[in-house]
Amino acid sequence: MFKPFDDLASRQLDGGRLDRADALAVLTAPDEEVLGLVAAAGRLRRAHFGNSVKVNYLVNLKSGLCPEDCGYCSQRLGSSAEILKYSWLSAEETVRQATAGVAGGASRVCLVASGRGPGDRDVERVAAIADELKTAHPGVEVCACLGILGDGQAERLRAAGIDAYNHNLNTSESRYADICSTHGYDDRVATVEKAKAAGLSPCSGLIVGMGESDDELIDAIFALRDLASDSIPVNFLMPFDGTPLAGTWLLTPLRCLRILALARFACPGTEIRMAGGREMHLRSLQPLALHVANSLFLGDYLTSEGQAAKADLDMIADAGFAVLGTAAGSDPALPSIRKRGAGTELAPNA
Ligand code: SF4
């Protein structure tokens, strides 16, 4: 194992706090040292999560039709990306889709809606959906991802039995205005803080590959550390036609591994999730990434198809890992949960 990264892992296991110089060393690790970097980050992953992989499953409650202008998002205002557009799935359809994910080993269902943020009627609608979901699957965690929260809405969601709230910071504070003009970085931080204050488990992460510098990426990851996010989804930009970031291909598989390792070194005991774009950017290195990340989305993303669910589960087993908290994971009917067919889109970013 490459000694400097192994020493860094030892320091983190002893309760150390990653500094900027170490973070930069991780991001700039030479290609021939990336395997050593993964092995060192893997010590932290195993110390906190053993060989378990948490499986999450997305249900897109409301798709497209968003008035916001996030540059990475095919659901944005003015997007010409070919995606499905619809307004609010029924509770019955939501439970039907979620049941397929749970059958595939998902221990968390993420209920996502496009838009700036929910109205109070929307919050009541999601509360009712969550209630039906919890009745059907009492052991499953439910995460809501509905955008910027107003006063009292996080408390209402928590009272409805929702466990977690996702709202990604996406990038550094200094870059935020470059990717969105209709809301600000502070709005995002405030919503995560509201979720935390209401007792919802905070889930907040990144989209990488949008042209951020190493320093900006470190800023973003350190901000998530300061925010004490319980889970950090790392999305790899999928540059859709019809969005401002179309044609932005800046990531390599080794760069993706370095970024995941940085998240692990900065937040050793936090759930690090390989999220949207992992298939196209990590490519054949996805199994290696499991030694750093301890969580993934199963199957499809919001408006795109991911890797077939059966292939995900085979990958987990083949790499020597086990799906967290379930004996499921080899259901031959799993490919049928691929439920969308149009367009391509990111994991939850709303
Ligand atoms: S990320 Fe969310 S808020 Fe931004 S454009 Fe997409 S759906 Fe709208």
# chains A, B, ... in the order shown; residues from 1 in each chain; ligands from 1
>>> residues_around(residues="Val123 (chain A)", least_positions_apart="3", cutoff="8 Å", atoms="only C-alpha atoms", output="count of residues only")
8
>>> select_by_dssp(residues="region 191-336 of chain A", states="alpha helix (DSSP H)", output="PyMOL selection string")
chain A and resi 191-197+214-227+253-266+278-281+286-289+309-318
>>> write_last_selection(atoms="N, CA and C atoms", output="compact mmCIF listing (two decimals), in the first residue's frame")
# COMPACT_ATOMS: atom_id res chain seq x y z
N THR A 191 -31.80 25.18 3.75
CA THR A 191 -32.74 24.05 3.72
C THR A 191 -32.15 22.83 4.44
N VAL A 192 -30.87 22.56 4.23
CA VAL A 192 -30.26 21.43 4.94
C VAL A 192 -30.33 21.68 6.46
N GLU A 193 -30.09 22.91 6.85
CA GLU A 193 -30.15 23.22 8.28
C GLU A 193 -31.57 23.06 8.83
N LYS A 194 -32.56 23.44 8.03
CA LYS A 194 -33.96 23.26 8.47
C LYS A 194 -34.27 21.78 8.64
N ALA A 195 -33.81 20.98 7.70
CA ALA A 195 -34.06 19.53 7.80
C ALA A 195 -33.42 18.97 9.06
N LYS A 196 -32.18 19.38 9.31
CA LYS A 196 -31.49 18.89 10.51
C LYS A 196 -32.23 19.31 11.78
N ALA A 197 -32.65 20.58 11.82
CA ALA A 197 -33.31 21.10 13.02
C ALA A 197 -34.62 20.37 13.30
N ASP A 214 -9.66 22.02 -8.43
CA ASP A 214 -9.41 21.19 -7.25
C ASP A 214 -9.75 21.95 -5.97
N ASP A 215 -9.34 23.21 -5.90
CA ASP A 215 -9.63 23.99 -4.70
C ASP A 215 -11.13 24.14 -4.47
N GLU A 216 -11.87 24.35 -5.56
CA GLU A 216 -13.33 24.50 -5.42
C GLU A 216 -13.97 23.18 -4.99
N LEU A 217 -13.44 22.10 -5.51
CA LEU A 217 -13.97 20.79 -5.10
C LEU A 217 -13.68 20.54 -3.61
N ILE A 218 -12.49 20.88 -3.19
CA ILE A 218 -12.16 20.73 -1.76
C ILE A 218 -13.07 21.62 -0.92
N ASP A 219 -13.30 22.84 -1.36
CA ASP A 219 -14.23 23.73 -0.63
C ASP A 219 -15.59 23.06 -0.46
N ALA A 220 -16.09 22.49 -1.55
CA ALA A 220 -17.43 21.88 -1.52
C ALA A 220 -17.46 20.70 -0.55
N ILE A 221 -16.44 19.86 -0.60
CA ILE A 221 -16.43 18.68 0.29
C ILE A 221 -16.24 19.10 1.74
N PHE A 222 -15.41 20.08 1.98
CA PHE A 222 -15.25 20.56 3.36
C PHE A 222 -16.54 21.23 3.86
N ALA A 223 -17.28 21.87 2.97
CA ALA A 223 -18.56 22.47 3.36
C ALA A 223 -19.55 21.38 3.77
N LEU A 224 -19.54 20.26 3.05
CA LEU A 224 -20.42 19.15 3.42
C LEU A 224 -19.99 18.56 4.76
N ARG A 225 -18.69 18.52 4.99
CA ARG A 225 -18.20 18.06 6.30
C ARG A 225 -18.71 19.00 7.40
N ASP A 226 -18.60 20.31 7.16
CA ASP A 226 -19.06 21.27 8.17
C ASP A 226 -20.56 21.17 8.41
N LEU A 227 -21.28 20.81 7.34
CA LEU A 227 -22.74 20.71 7.43
C LEU A 227 -23.16 19.43 8.16
N PRO A 253 -12.27 7.97 -15.30
CA PRO A 253 -12.54 7.02 -14.21
C PRO A 253 -11.59 7.22 -13.01
N LEU A 254 -10.31 7.47 -13.27
CA LEU A 254 -9.37 7.65 -12.15
C LEU A 254 -9.68 8.94 -11.39
N ARG A 255 -10.07 9.98 -12.09
CA ARG A 255 -10.46 11.23 -11.42
C ARG A 255 -11.68 10.97 -10.50
N CYS A 256 -12.61 10.18 -10.97
CA CYS A 256 -13.79 9.86 -10.15
C CYS A 256 -13.37 9.11 -8.89
N LEU A 257 -12.43 8.19 -9.02
CA LEU A 257 -11.95 7.47 -7.83
C LEU A 257 -11.28 8.43 -6.85
N ARG A 258 -10.49 9.35 -7.37
CA ARG A 258 -9.83 10.32 -6.47
C ARG A 258 -10.86 11.16 -5.73
N ILE A 259 -11.91 11.56 -6.44
CA ILE A 259 -12.94 12.40 -5.80
C ILE A 259 -13.67 11.61 -4.71
N LEU A 260 -14.02 10.37 -5.01
CA LEU A 260 -14.67 9.55 -3.97
C LEU A 260 -13.74 9.35 -2.79
N ALA A 261 -12.45 9.14 -3.06
CA ALA A 261 -11.49 8.95 -1.97
C ALA A 261 -11.39 10.22 -1.13
N LEU A 262 -11.42 11.38 -1.79
CA LEU A 262 -11.37 12.63 -1.02
C LEU A 262 -12.58 12.74 -0.09
N ALA A 263 -13.75 12.41 -0.61
CA ALA A 263 -14.94 12.46 0.25
C ALA A 263 -14.78 11.51 1.44
N ARG A 264 -14.23 10.33 1.17
CA ARG A 264 -14.04 9.34 2.25
C ARG A 264 -13.03 9.82 3.28
N PHE A 265 -11.90 10.37 2.82
CA PHE A 265 -10.89 10.85 3.77
C PHE A 265 -11.41 12.04 4.57
N ALA A 266 -12.19 12.91 3.93
CA ALA A 266 -12.71 14.09 4.64
C ALA A 266 -13.80 13.71 5.63
N ARG A 278 -22.42 7.42 -12.56
CA ARG A 278 -21.32 6.50 -12.22
C ARG A 278 -21.03 5.54 -13.37
N GLU A 279 -22.08 5.12 -14.07
CA GLU A 279 -21.87 4.14 -15.13
C GLU A 279 -21.02 4.71 -16.25
N MET A 280 -21.31 5.96 -16.63
CA MET A 280 -20.60 6.50 -17.80
C MET A 280 -19.24 7.09 -17.44
N HIS A 281 -19.02 7.43 -16.16
CA HIS A 281 -17.75 8.05 -15.81
C HIS A 281 -16.78 7.10 -15.09
N GLN A 286 -16.18 0.81 -11.58
CA GLN A 286 -17.23 0.86 -10.55
C GLN A 286 -16.99 -0.12 -9.40
N PRO A 287 -16.61 -1.37 -9.67
CA PRO A 287 -16.38 -2.28 -8.53
C PRO A 287 -15.26 -1.78 -7.62
N LEU A 288 -14.24 -1.14 -8.21
CA LEU A 288 -13.16 -0.59 -7.39
C LEU A 288 -13.69 0.53 -6.49
N ALA A 289 -14.62 1.29 -7.02
CA ALA A 289 -15.19 2.40 -6.25
C ALA A 289 -15.96 1.91 -5.03
N ALA A 309 -30.56 -3.20 -12.72
CA ALA A 309 -30.47 -3.50 -11.30
C ALA A 309 -29.77 -4.82 -11.03
N LYS A 310 -30.06 -5.81 -11.84
CA LYS A 310 -29.41 -7.12 -11.66
C LYS A 310 -27.90 -6.98 -11.82
N ALA A 311 -27.47 -6.15 -12.74
CA ALA A 311 -26.03 -5.95 -12.95
C ALA A 311 -25.41 -5.27 -11.73
N ASP A 312 -26.12 -4.31 -11.13
CA ASP A 312 -25.63 -3.67 -9.91
C ASP A 312 -25.44 -4.69 -8.80
N LEU A 313 -26.44 -5.53 -8.61
CA LEU A 313 -26.38 -6.51 -7.52
C LEU A 313 -25.30 -7.56 -7.77
N ASP A 314 -25.14 -7.95 -9.02
CA ASP A 314 -24.05 -8.88 -9.35
C ASP A 314 -22.70 -8.23 -9.08
N MET A 315 -22.59 -6.95 -9.44
CA MET A 315 -21.33 -6.24 -9.21
C MET A 315 -20.99 -6.21 -7.72
N ILE A 316 -21.98 -5.94 -6.89
CA ILE A 316 -21.75 -5.88 -5.45
C ILE A 316 -21.27 -7.24 -4.94
N ALA A 317 -21.97 -8.28 -5.34
CA ALA A 317 -21.59 -9.63 -4.88
C ALA A 317 -20.23 -10.05 -5.44
N ASP A 318 -20.00 -9.77 -6.71
CA ASP A 318 -18.74 -10.19 -7.33
C ASP A 318 -17.54 -9.52 -6.67
>>> closest_residue(among="A:Leu324, A:Ala128, A:Val112, A:Leu133", to="ligand 1", atoms="only C-alpha atoms and all ligand atoms")
A:Val112
>>> closest_atom_pairs(of="chain A", to="ligand 1", cutoff="7 Å", atoms="only C-alpha atoms and all ligand atoms", output="CSV")
residue,atom,partner,partner_atom_place_in_ligand_line,distance
A:Gly64,CA,ligand 1,7 (S),6.5
A:Cys66,CA,ligand 1,8 (Fe),4.7
A:Pro67,CA,ligand 1,8 (Fe),6.4
A:Glu68,CA,ligand 1,5 (S),4.5
A:Asp69,CA,ligand 1,5 (S),4.9
A:Cys70,CA,ligand 1,4 (Fe),4.4
A:Cys73,CA,ligand 1,6 (Fe),4.6
A:Ser74,CA,ligand 1,6 (Fe),6.6
A:Gln75,CA,ligand 1,6 (Fe),4.9
A:Arg76,CA,ligand 1,5 (S),3.6
A:Leu77,CA,ligand 1,5 (S),6.5
A:Ser114,CA,ligand 1,7 (S),3.8
A:Gly115,CA,ligand 1,8 (Fe),4.5
A:Arg116,CA,ligand 1,3 (S),4.7
A:Gly147,CA,ligand 1,3 (S),6.2
A:Asn349,CA,ligand 1,1 (S),4.5
A:Ala350,CA,ligand 1,2 (Fe),3.0
>>> residues_around(residues="Asp230 (chain A)", least_positions_apart="2", cutoff="12 Å", atoms="only C-alpha atoms", output="MDAnalysis selection string")
chainID A and resid 163:167 192 195:196 199:205 224:228 232:233 267:273
>>> write_last_selection(atoms="N, CA and C atoms", output="short mmCIF file (atom, residue, chain, number, x, y, z; two decimals), in the first residue's frame")
data_model
loop_
_atom_site.label_atom_id
_atom_site.label_comp_id
_atom_site.auth_asym_id
_atom_site.auth_seq_id
_atom_site.Cartn_x
_atom_site.Cartn_y
_atom_site.Cartn_z
N ASP A 163 -37.83 10.02 7.11
CA ASP A 163 -36.61 9.85 7.88
C ASP A 163 -35.52 10.86 7.51
N ALA A 164 -35.45 11.20 6.24
CA ALA A 164 -34.29 11.98 5.77
C ALA A 164 -34.73 13.00 4.74
N TYR A 165 -33.87 13.98 4.52
CA TYR A 165 -34.15 14.99 3.48
C TYR A 165 -32.90 15.22 2.67
N ASN A 166 -33.05 15.13 1.35
CA ASN A 166 -31.91 15.39 0.45
C ASN A 166 -31.99 16.78 -0.14
N HIS A 167 -30.89 17.49 -0.05
CA HIS A 167 -30.77 18.77 -0.75
C HIS A 167 -29.27 18.97 -0.97
N VAL A 192 -30.87 22.56 4.23
CA VAL A 192 -30.26 21.43 4.94
C VAL A 192 -30.33 21.68 6.46
N ALA A 195 -33.81 20.98 7.70
CA ALA A 195 -34.06 19.53 7.80
C ALA A 195 -33.42 18.97 9.06
N LYS A 196 -32.18 19.38 9.31
CA LYS A 196 -31.49 18.89 10.51
C LYS A 196 -32.23 19.31 11.78
N GLY A 199 -35.08 17.23 12.77
CA GLY A 199 -34.81 15.83 13.10
C GLY A 199 -34.75 14.91 11.91
N LEU A 200 -34.74 15.50 10.71
CA LEU A 200 -34.55 14.69 9.49
C LEU A 200 -33.06 14.45 9.29
N SER A 201 -32.71 13.26 8.86
CA SER A 201 -31.30 12.97 8.60
C SER A 201 -30.87 13.73 7.34
N PRO A 202 -29.84 14.56 7.45
CA PRO A 202 -29.45 15.36 6.28
C PRO A 202 -28.67 14.54 5.26
N CYS A 203 -29.11 14.63 4.01
CA CYS A 203 -28.40 14.01 2.88
C CYS A 203 -28.07 15.15 1.94
N SER A 204 -26.79 15.38 1.70
CA SER A 204 -26.42 16.50 0.83
C SER A 204 -25.11 16.16 0.14
N GLY A 205 -25.07 16.40 -1.15
CA GLY A 205 -23.88 16.00 -1.88
C GLY A 205 -23.51 16.93 -3.01
N LEU A 224 -19.54 20.26 3.05
CA LEU A 224 -20.42 19.15 3.42
C LEU A 224 -19.99 18.56 4.76
N ARG A 225 -18.69 18.52 4.99
CA ARG A 225 -18.20 18.06 6.30
C ARG A 225 -18.71 19.00 7.40
N ASP A 226 -18.60 20.31 7.16
CA ASP A 226 -19.06 21.27 8.17
C ASP A 226 -20.56 21.17 8.41
N LEU A 227 -21.28 20.81 7.34
CA LEU A 227 -22.74 20.71 7.43
C LEU A 227 -23.16 19.43 8.16
N ALA A 228 -22.21 18.53 8.37
CA ALA A 228 -22.46 17.25 9.04
C ALA A 228 -23.56 16.46 8.33
N ILE A 232 -23.60 11.53 1.68
CA ILE A 232 -23.07 12.42 0.64
C ILE A 232 -23.16 11.70 -0.70
N PRO A 233 -24.21 12.00 -1.49
CA PRO A 233 -24.23 11.46 -2.84
C PRO A 233 -23.27 12.24 -3.74
N CYS A 267 -14.59 12.71 5.28
CA CYS A 267 -15.75 12.33 6.10
C CYS A 267 -15.75 10.81 6.27
N PRO A 268 -14.81 10.29 7.06
CA PRO A 268 -14.60 8.82 7.07
C PRO A 268 -15.82 8.01 7.47
N GLY A 269 -16.63 8.53 8.39
CA GLY A 269 -17.76 7.75 8.88
C GLY A 269 -19.08 8.11 8.23
N THR A 270 -19.03 8.87 7.16
CA THR A 270 -20.26 9.32 6.48
C THR A 270 -20.57 8.39 5.31
N GLU A 271 -21.86 8.16 5.09
CA GLU A 271 -22.26 7.38 3.92
C GLU A 271 -21.86 8.14 2.66
N ILE A 272 -21.00 7.53 1.86
CA ILE A 272 -20.59 8.11 0.58
C ILE A 272 -21.27 7.29 -0.52
N ARG A 273 -22.07 7.97 -1.32
CA ARG A 273 -22.91 7.27 -2.30
C ARG A 273 -22.44 7.57 -3.73
#
>>> select_by_dssp(residues="region 85-291 of chain A", states="strand (DSSP E or B)", output="PyMOL selection string")
chain A and resi 86+108-113+141-145+164-166+170+201-203+206-208+231-236+271-274
>>> write_last_selection(atoms="N, CA and C atoms", output="tab-separated table (two decimals), in the first residue's frame")
chain	number	residue	atom	x	y	z
A	86	TYR	N	-44.16	15.03	-16.05
A	86	TYR	CA	-45.46	14.72	-15.47
A	86	TYR	C	-45.56	15.35	-14.09
A	108	ARG	N	-33.49	2.20	1.46
A	108	ARG	CA	-33.97	3.59	1.48
A	108	ARG	C	-34.66	3.88	0.15
A	109	VAL	N	-35.83	4.51	0.24
A	109	VAL	CA	-36.53	4.98	-0.95
A	109	VAL	C	-36.50	6.50	-0.92
A	110	CYS	N	-36.07	7.09	-2.03
A	110	CYS	CA	-35.91	8.53	-2.14
A	110	CYS	C	-37.04	9.08	-3.01
A	111	LEU	N	-37.89	9.90	-2.42
A	111	LEU	CA	-39.04	10.48	-3.13
A	111	LEU	C	-38.65	11.86	-3.62
A	112	VAL	N	-38.55	12.01	-4.93
A	112	VAL	CA	-37.98	13.23	-5.51
A	112	VAL	C	-39.04	13.96	-6.33
A	113	ALA	N	-39.06	15.28	-6.20
A	113	ALA	CA	-39.96	16.09	-7.03
A	113	ALA	C	-39.18	17.27	-7.59
A	141	GLU	N	-36.38	3.07	5.03
A	141	GLU	CA	-36.19	4.50	5.26
A	141	GLU	C	-36.77	5.28	4.09
A	142	VAL	N	-37.39	6.39	4.39
A	142	VAL	CA	-37.93	7.25	3.34
A	142	VAL	C	-37.21	8.59	3.40
A	143	CYS	N	-36.67	8.99	2.25
A	143	CYS	CA	-36.01	10.29	2.12
A	143	CYS	C	-36.82	11.13	1.14
A	144	ALA	N	-37.05	12.38	1.49
A	144	ALA	CA	-37.74	13.29	0.57
A	144	ALA	C	-36.73	14.25	-0.03
A	145	CYS	N	-36.95	14.60	-1.29
A	145	CYS	CA	-36.08	15.55	-2.00
A	145	CYS	C	-37.00	16.45	-2.81
A	164	ALA	N	-35.45	11.20	6.24
A	164	ALA	CA	-34.29	11.98	5.77
A	164	ALA	C	-34.73	13.00	4.74
A	165	TYR	N	-33.87	13.98	4.52
A	165	TYR	CA	-34.15	14.99	3.48
A	165	TYR	C	-32.90	15.22	2.67
A	166	ASN	N	-33.05	15.13	1.35
A	166	ASN	CA	-31.91	15.39	0.45
A	166	ASN	C	-31.99	16.78	-0.14
A	170	ASN	N	-24.16	20.70	-4.24
A	170	ASN	CA	-23.76	20.55	-5.65
A	170	ASN	C	-22.35	21.01	-5.96
A	201	SER	N	-32.71	13.26	8.86
A	201	SER	CA	-31.30	12.97	8.60
A	201	SER	C	-30.87	13.73	7.34
A	202	PRO	N	-29.84	14.56	7.45
A	202	PRO	CA	-29.45	15.36	6.28
A	202	PRO	C	-28.67	14.54	5.26
A	203	CYS	N	-29.11	14.63	4.01
A	203	CYS	CA	-28.40	14.01	2.88
A	203	CYS	C	-28.07	15.15	1.94
A	206	LEU	N	-22.93	16.35	-4.03
A	206	LEU	CA	-22.20	17.10	-5.06
A	206	LEU	C	-22.60	16.66	-6.46
A	207	ILE	N	-22.32	17.53	-7.40
A	207	ILE	CA	-22.18	17.12	-8.80
A	207	ILE	C	-20.77	17.53	-9.21
A	208	VAL	N	-20.00	16.58	-9.64
A	208	VAL	CA	-18.61	16.88	-10.03
A	208	VAL	C	-18.50	16.79	-11.55
A	231	SER	N	-25.29	11.62	4.79
A	231	SER	CA	-24.95	10.91	3.57
A	231	SER	C	-24.58	11.93	2.49
A	232	ILE	N	-23.60	11.53	1.68
A	232	ILE	CA	-23.07	12.42	0.64
A	232	ILE	C	-23.16	11.70	-0.70
A	233	PRO	N	-24.21	12.00	-1.49
A	233	PRO	CA	-24.23	11.46	-2.84
A	233	PRO	C	-23.27	12.24	-3.74
A	234	VAL	N	-22.45	11.51	-4.46
A	234	VAL	CA	-21.52	12.13	-5.41
A	234	VAL	C	-22.04	11.82	-6.82
A	235	ASN	N	-22.58	12.85	-7.46
A	235	ASN	CA	-23.06	12.72	-8.84
A	235	ASN	C	-21.94	13.11	-9.79
A	236	PHE	N	-21.83	12.40	-10.89
A	236	PHE	CA	-20.85	12.70	-11.93
A	236	PHE	C	-21.63	13.27	-13.12
A	271	GLU	N	-21.86	8.16	5.09
A	271	GLU	CA	-22.26	7.38	3.92
A	271	GLU	C	-21.86	8.14	2.66
A	272	ILE	N	-21.00	7.53	1.86
A	272	ILE	CA	-20.59	8.11	0.58
A	272	ILE	C	-21.27	7.29	-0.52
A	273	ARG	N	-22.07	7.97	-1.32
A	273	ARG	CA	-22.91	7.27	-2.30
A	273	ARG	C	-22.44	7.57	-3.73
A	274	MET	N	-22.17	6.53	-4.50
A	274	MET	CA	-21.95	6.71	-5.94
A	274	MET	C	-23.32	6.98	-6.55
>>> atom_distance(atom1="CA of Ala100 (chain A)", atom2="CA of Tyr57 (chain A)")
9.1 Å
>>> closest_residue(among="A:Ala106, A:Met238, A:Ala91, A:Gly36", to="Gly139 (chain A)", atoms="only C-alpha atoms")
A:Ala106
>>> atom_distance(atom1="CA of Thr135 (chain A)", atom2="CA of Val102 (chain A)")
13.4 Å
>>> atom_distance(atom1="CA of Leu298 (chain A)", atom2="CA of Ala81 (chain A)")
23.2 Å
>>> closest_residue(among="A:Ile148, A:Leu237, A:Ala9, A:Ala21", to="Arg43 (chain A)", atoms="only C-alpha atoms")
A:Ala9
>>> decode(residues="region 58-73 of chain A", atoms="N, CA and C atoms", output="mmCIF file, in the first residue's frame")
data_model
loop_
_atom_site.group_PDB
_atom_site.id
_atom_site.type_symbol
_atom_site.label_atom_id
_atom_site.label_comp_id
_atom_site.auth_asym_id
_atom_site.auth_seq_id
_atom_site.Cartn_x
_atom_site.Cartn_y
_atom_site.Cartn_z
ATOM 1 N N LEU A 58 -34.676 5.384 -6.223
ATOM 2 C CA LEU A 58 -35.339 6.655 -6.538
ATOM 3 C C LEU A 58 -36.741 6.444 -7.093
ATOM 4 N N VAL A 59 -37.664 7.238 -6.593
ATOM 5 C CA VAL A 59 -38.975 7.346 -7.253
ATOM 6 C C VAL A 59 -39.179 8.821 -7.591
ATOM 7 N N ASN A 60 -39.346 9.094 -8.851
ATOM 8 C CA ASN A 60 -39.480 10.476 -9.314
ATOM 9 C C ASN A 60 -40.957 10.868 -9.274
ATOM 10 N N LEU A 61 -41.356 11.564 -8.228
ATOM 11 C CA LEU A 61 -42.772 11.875 -8.026
ATOM 12 C C LEU A 61 -43.291 12.877 -9.043
ATOM 13 N N LYS A 62 -42.416 13.777 -9.445
ATOM 14 C CA LYS A 62 -42.838 14.872 -10.330
ATOM 15 C C LYS A 62 -41.636 15.192 -11.206
ATOM 16 N N SER A 63 -41.837 15.230 -12.511
ATOM 17 C CA SER A 63 -40.691 15.286 -13.425
ATOM 18 C C SER A 63 -40.800 16.458 -14.392
ATOM 19 N N GLY A 64 -39.699 17.187 -14.542
ATOM 20 C CA GLY A 64 -39.659 18.308 -15.478
ATOM 21 C C GLY A 64 -40.447 19.501 -14.973
ATOM 22 N N LEU A 65 -40.733 20.438 -15.894
ATOM 23 C CA LEU A 65 -41.635 21.565 -15.591
ATOM 24 C C LEU A 65 -41.095 22.457 -14.487
ATOM 25 N N CYS A 66 -39.775 22.567 -14.363
ATOM 26 C CA CYS A 66 -39.212 23.331 -13.244
ATOM 27 C C CYS A 66 -38.942 24.771 -13.669
ATOM 28 N N PRO A 67 -39.251 25.750 -12.811
ATOM 29 C CA PRO A 67 -38.980 27.156 -13.154
ATOM 30 C C PRO A 67 -37.549 27.597 -12.836
ATOM 31 N N GLU A 68 -36.759 26.720 -12.210
ATOM 32 C CA GLU A 68 -35.379 27.091 -11.858
ATOM 33 C C GLU A 68 -34.456 26.817 -13.044
ATOM 34 N N ASP A 69 -33.225 27.365 -12.975
ATOM 35 C CA ASP A 69 -32.347 27.262 -14.154
ATOM 36 C C ASP A 69 -30.998 26.599 -13.853
ATOM 37 N N CYS A 70 -30.992 25.595 -12.991
ATOM 38 C CA CYS A 70 -29.746 24.876 -12.683
ATOM 39 C C CYS A 70 -29.145 24.334 -13.995
ATOM 40 N N GLY A 71 -27.910 24.733 -14.285
ATOM 41 C CA GLY A 71 -27.320 24.484 -15.592
ATOM 42 C C GLY A 71 -27.092 23.027 -15.928
ATOM 43 N N TYR A 72 -27.007 22.178 -14.909
ATOM 44 C CA TYR A 72 -26.724 20.749 -15.104
ATOM 45 C C TYR A 72 -27.985 19.920 -15.325
ATOM 46 N N CYS A 73 -29.145 20.542 -15.188
ATOM 47 C CA CYS A 73 -30.374 19.767 -15.006
ATOM 48 C C CYS A 73 -31.254 19.808 -16.254
#
